[in-house]
Structures are given as structure tokens and as C-alpha cells.
Amino acid sequence: MTRKRTDKILLIFAVAAVSVPGLGVAQVDTSDWLCESCPFEDGYRADYEAGATYVSDDAARFGNATGYDEKGGYANLDGEGRYVNDGFRLDWFVEDLGLDSRVAELDAGRQGSYGFYLGYRELPYRLFDTTRTIFVPAASDRLDLPPGWVPAGLTSGFTQLDSSLRKQNIESDRQIIDAGGSWLPSDSFRLFADYRRQNREGVDVVAGAGFTQSSLLPRNFDFSTDQIDLGVQYQSARTSLTLAYYGSFFKNKNTGLTWETPFTTSLGNAEQRTAQEPDNEFQQLSLSGSWYAPGWDTVVALSLAAGRGEQNDTLLPYTINPNVSTGPLPRTSLDGKVDTSNYALTVTSRPSKNSRIKLAYRVDERDNKTTQSGWTRVIVDLLDSGETEQNIPYSFKRSRLNLSGEIRVWENVRLAAGYDRTDLDRDFQEVAEQSEDTGWGQVRWQPAYWFDLRARAGTAKRDIDRYDTVLAQSFGQNPMMRKYNLAYRYRKFGEITASASMASAPVSVSATVFATEDSFTKSRLGMTDANELRLTADISWAISERSSTYLMVGTEGIDSTQLGSEQSAEADWQAAHDDSFDHVGVGFLWRQLTDKMDLQLDYTRGSGNTGIQVISESGGQSRLPDLESTLDSLRLEALYRWSDRWEGTLNLRYEKFSSDDWALQDVAPDTLPTILTLGAEPINYDVWALGLGFRYNFGNQQLALVN
């Protein structure tokens, strides 16, 4: 994908940054502008940094979210600044203007009166740069075969494959525009409006399935989403009330994807088509508020929301195969309507100085009002199945009750306990009614201000009214199968956390042990048990006022077992999954390593392993190749001060990623006889990036320290 360079909006930001001395930066949060007593020192400041980075090799994953995906040099420009005058503040911030991960923000306002912001950012997503395809994009919604292509029944018969393959990266870019503001017409009222526009375009992978063959297709996509937040807020000493509107509008420039099939097909089936994500929208009104009763030391919070989602895009015909005869569609569009409602009540109170209680209740409801109709089932643009199927308007209602409390029983000991109840009602699913009860208790011991020890444990039981095997069979499932999210489950969990931070010693330490054990004792087929154990620890040491170091380590293991049946009878095979993840991180920071130099070094290592053991009555015992991945990342940052205004920076980043994935290993485009793949390889790279920059500071640098 071609790198995007200077957009008009970035040019506007750059001009503003140069023409207005020290515009300044803040995150998109206008609350600063609405503070009557927040002090701002008049003046301006600005920092500009220009530099260049060299990347040693092409690596898609290394460039994911950074833009450093190709070997070579990258010029870059960063900057930030602030201008303050008589209560008015204007901030600006630009970062990575030379990269596909560029950011620009403008934030301004007057204290206690108004505030506004404008932002632009890009986020690159890079997945594979080892993929190749024969398909040629004839249009944004169409893929054609290369000229002279000779179809065959198997991939081994594709005589023009090698000469037709072309490089096709799987990647995309996201552009986000933010704008909004707040206005205080009085001390009690605040009006706000926020707008966000997201565009996503690029190439991903979809399956182009035939009857017995399939092709992995490099689909071009172009999505946009507009989001709007509008509201008014009332605030007093004890009461807060907000009335708000939210709207989300999704647009897809392509309603379908048409492709020419590379395999030998029957007459009329040389082209196939599949629908893409339809245009849709969601709108919601909400009312939320809170009230504080000082005499009871109680806060009551309430929220109400009602919304509707609609999908009314024009439907594609059943098939583009002229030899398949079907009747007309029941209607030209789905005319989908889903109503949502959300209600929540929370009460927190301190009956005494040594106790605290909390009660929360929430209801979430989804009512799918889409009309059901009978639809002809056409299989992969090839044949009419002769069956009529109904669209299923799934609906649910979920209610949650949470009750918890804490009390100090001794000077250094606190006890806490809680109870949670979740009820879920569904339509058109195997389990219509489901409930889960969770109880937990906690002991907290704090013998000294610098030491804190907490132990928490509990159980959770998820129960169901019954499992509808008739409905399951209508979906083509084994009647003894139990989906893990719908099955009966009994869970035990526990957690121990310890932390120490002494003022007399510049060292802080924390450690956590967390464990869960799940049992699906009523499932004859499906998941039967799952266990998780997680341990983490970190230590930080302020060696001196100018130097510090840290170390963090962690490990996690997840084991699970599932039963299955090849004969639709009792379980005759078993699969055991063993997942393990480990990470370690260490870092050092030296301020003024010399009189003019700062240095920071960080190293992290993460690794993961998945093992799958299968035992079958017909096939015996076997083990799939382990899935493995390891990431080593090293960052070195140095800053040198030539003067109060001029600084030089050096950044070195090294990253090595290795993985073993049997689903991708040695799978060329024609390795599978009936599936034409893109030949994606397991992700493996060894890359370093070296950057040099020069920074100049304008104006009053102390202005940056004022909140």
C-alpha cells in the first residue's frame, strides 16, 4: 500500500503550529477549560523536533501501528506547544508526520467558559507481507483471473500459477478525525458536542468458497463510520444530570464481492459473488444522573437509555448464475430493526466510618423486531438446495444484581464480601433461560502503611433451565453437544496480592497469584474442564534522584479438555489444550548521566506455547505440532543538551519475532489440493531501527509545568 504523505488537514495543523507561537497540546478533554480556579501562566512555549530513522529490513508486524514496515529511511517531524493569554489557552501537538502513524491535535478554550478540540490520526495495520495472489482487482468490488489462465480441478493442475502470482500485502490504514467542544452558559449547565469520523481501507482475506473447492481472496475494502455525541449536563453541589444523544452510522462502499473462480466449474458458475457488510446505523437517547446525601454519606446513580439499530441496505439477488432458477426475494431489503434498552441503578453508602456497602442493578435488553421470512437456500452460486430457511431474529434480556460490602474489624484488618446474580433470557437459542450466582470474600491486612496483603476467593455456578436438543439438531448439531457458553459450569477462583512500598527505602514490590478452575460436569460432549494459573511480580528501585530501575516478570497457564464424537454417539475422542505464556521486562533510567545527557534502556521478552493432544478410539493418540511465538524487544533512548534551547536525540529499537504455526508453515498457494491459498508464512523477522533527531525549544519552558 502506498504511504500517505501530507494531507490537507496536516498542512493546516503545521501552518498553525508555525504561525502561532507555542500552540500546545492536551488530550481530547475539555474539562480543563471549564475550571474556574485552574491557574494558567500567560505566555507561550513550543518544542520542535526534526529527525530521520533508518529501518534495516521489511517486516509487516514491526510496522504494525508504527508505520516502519519497509526497509529504508524515514524523515519525521514532531512538535508541541502552548499559548496562554488572559485565561485563554491554545495547545497543539503533532507526532510522526512522516509516518503512517501520524497524529495531530489542536485544543483550546477559556477557563470556565468554553473549550474545543480538533484531532487527526492514522493507524496502520500490517498483517502479512509474504502473501501472493493470482487475482487481479478489476474494480474495488471485483477480482478477475490473469489473462490466459487455465482452470483445473486441483491446484496441482494450475499450469499458469507460478507465472501469475503477484505480491499482495495484507494491510490496511485507519484515519480518524475528531472534533468537538463544550460551552458553559452558566455555572450549573454545560453543553457538549463531539464528532468522530473513521475511515478504514485496505486489503484483508475472505474465503471464496465453491462446492468442493475454495480460494482465499485478497478483498479490497473501504469502510467509514460517523459517530456523534450531543448532550446537556446540569451540575450542582449534590446533583448531576446529563441528557445525551448518541449516533453511529456505518457505510460500506462495496455491497458485494465478485470473483472469477480458478477451478474447473459447471456451466454458468465461472463467476461467484458474496455480500459484504451492509450499511447500518444505531441511535440512542440516554439520561443519567447522581445524587449525594451527605447526612447518610450516600451516592445514588441512575442511568436510562433507549436505542434502535437499523439495517436497510438493498439485498443482492440469490445468485448471479443464470442456470440456477429461483423465485424472487421475499423483500428487497432486510428492513432490520433492533431496539435496545439499558437501565442501571447504583447505590453506595458508608453507614459508619468503618464500613461501606454497594448495591448495583442493571438490565440490558435487545429486542430484534426484524420480520421473519422464508428464503431460498442457494449453495455457492451453484445449485438450489430446494430448502426454505427462516432468518432468525435473535433477542435477549440480561439482568445483573451486585451487592458488596466492606468492614474494618480490627485496626489493620478489613473484611469484604459480595454476591452477584446474572439472569439471561434468549430467543432462538438452545438455552432459553440461564442464571449465574457468584459469591466471594476478601481479607485485607495492612499492618503498616507501606505493606498491603489481600486474599480473595469465591465460587460461581452457572445453571440452565434445559438444553433444547431439538433446536440444536435443527442447526445441524450433535444432540449431546453442549456449547461452552451455554452449558452448566461450576467455577472456583482465588487471588492473593501483596505490595510493599517503604518511604525509608526507595523500593516498591508487588506480586499477584490468580487461579480459576472450571468444571462442566453436565456436558457429555464439549468442554469438560478448564484451569488457569497466573503469577506476576514487579519491583522498582529509585537508586538516586537521577536514576531508577525496574523488573517485572509473569507467567500464565491455561489447560482445557474437550470431548467429541465421530459417530454422533458417546464421546470417542478427546482433545487436551495446554497454553502457556511468559514475559519479562527490565529497564533503567539515568537522568544527567553526564551533565548534559539522559539515557533510558528497556528490554522485554514475551513467549507463548500451545500444545494440543488428541486421543481417538479410531486413530489412537496423536499430538499436533506446538504453536510457538517469541518476541524480544530492546529500546535505547538518549538525549544530549547542547544548550537550554538545543537538544539532540538518539533512538535505537531492536525487535526479533519468531513463530511456528503449522497452519502456515510450508503451505504454498498450491499445497492444499482443493484450496488456493495466499501462501502466508509464519511471522519471523529480525529488525532494528536507528533514529536521530534535533529538538529546539521556544518561549517560556516553565509554562509546560502549569496545570
# chains A, B, ... in the order shown; residues from 1 in each chain; ligands from 1
$ residues_around --residues "stretch 405-411 of chain A" --least-positions-apart "3" --cutoff "9 Å" --atoms "only C-alpha atoms" --output "compact mmCIF listing (two decimals) with C-alpha atoms, in the first residue's frame"
# COMPACT_ATOMS: atom_id res chain seq x y z
CA LYS A 353 -16.66 5.29 59.28
CA ASN A 354 -15.52 1.64 59.32
CA SER A 355 -17.95 0.20 56.77
CA ARG A 356 -19.05 0.61 53.18
CA ILE A 357 -21.79 -1.05 51.12
CA LYS A 358 -22.68 -1.01 47.45
CA LEU A 359 -25.77 -2.13 45.56
CA ARG A 414 -10.71 -5.34 56.71
CA LEU A 415 -13.22 -7.96 55.61
CA ALA A 416 -15.22 -7.71 52.38
CA ALA A 417 -17.80 -9.93 50.71
CA GLY A 418 -20.08 -9.82 47.71
CA GLN A 442 -11.84 -10.95 50.80
CA GLN A 446 -2.34 -3.72 56.38
CA PRO A 447 -0.02 -3.98 59.43
$ residues_around --residues "A:Pro328" --least-positions-apart "5" --cutoff "12 Å" --atoms "only C-alpha atoms" --output "list in words"
Leu315, Leu316, Pro317, Tyr318, Thr319, Gly374, Trp375 and Thr376 of chain A
$ closest_residue --among "A:Met480, A:Leu639, A:Val513, A:Leu161" --to "A:Ala571" --atoms "only C-alpha atoms"
A:Met480
$ select_by_dssp --residues "stretch 400-581 of chain A" --states "helix (DSSP H, G or I)" --output "list in words"
Thr469, Val470, Leu471, Ala472, Gln473 and Ser474 of chain A
$ residues_around --residues "A:Asp686" --least-positions-apart "3" --cutoff "9 Å" --atoms "only C-alpha atoms" --output "PyMOL selection string"
chain A and resi 56-57+59+654-658
$ residues_around --residues "A:Ala237" --least-positions-apart "3" --cutoff "12 Å" --atoms "only C-alpha atoms" --output "list in words"
Asp187, Ser188, Tyr234, Ser240, Leu241, Ser290, Trp291, Tyr292, Ala293 and Pro294 of chain A
$ residues_around --residues "A:Leu533" --least-positions-apart "2" --cutoff "10 Å" --atoms "only C-alpha atoms" --output "list in words"
Phe493, Gly494, Glu495, Val513, Phe514, Ala515, Thr516, Glu517, Asn531, Leu535, Thr555, Glu556, Gly557, Ile558, Asp559 and Ser580 of chain A
$ write_last_selection --atoms "C-alpha atoms" --output "mmCIF file, in the first residue's frame"
data_model
loop_
_atom_site.group_PDB
_atom_site.id
_atom_site.type_symbol
_atom_site.label_atom_id
_atom_site.label_comp_id
_atom_site.auth_asym_id
_atom_site.auth_seq_id
_atom_site.Cartn_x
_atom_site.Cartn_y
_atom_site.Cartn_z
ATOM 1 C CA PHE A 493 -11.387 -18.804 41.852
ATOM 2 C CA GLY A 494 -8.864 -17.216 44.174
ATOM 3 C CA GLU A 495 -6.386 -14.358 44.173
ATOM 4 C CA VAL A 513 -1.281 -15.031 42.190
ATOM 5 C CA PHE A 514 -4.594 -15.734 40.447
ATOM 6 C CA ALA A 515 -6.211 -19.111 39.785
ATOM 7 C CA THR A 516 -9.511 -20.417 38.403
ATOM 8 C CA GLU A 517 -10.923 -23.909 37.993
ATOM 9 C CA ASN A 531 -7.969 -24.317 34.611
ATOM 10 C CA LEU A 535 1.578 -15.231 38.532
ATOM 11 C CA THR A 555 3.676 -16.412 33.703
ATOM 12 C CA GLU A 556 0.241 -17.785 32.806
ATOM 13 C CA GLY A 557 -1.007 -21.262 32.046
ATOM 14 C CA ILE A 558 -4.410 -22.338 30.700
ATOM 15 C CA ASP A 559 -5.355 -26.006 30.422
ATOM 16 C CA SER A 580 1.468 -21.149 28.424
#
$ atom_distance --atom1 "atom CA of A:Leu601" --atom2 "atom CA of A:Phe694"
19.9 Å
$ closest_residue --among "A:Glu637, A:Asp173, A:Asp425, A:Asp602" --to "A:Thr549" --atoms "only C-alpha atoms"
A:Asp602
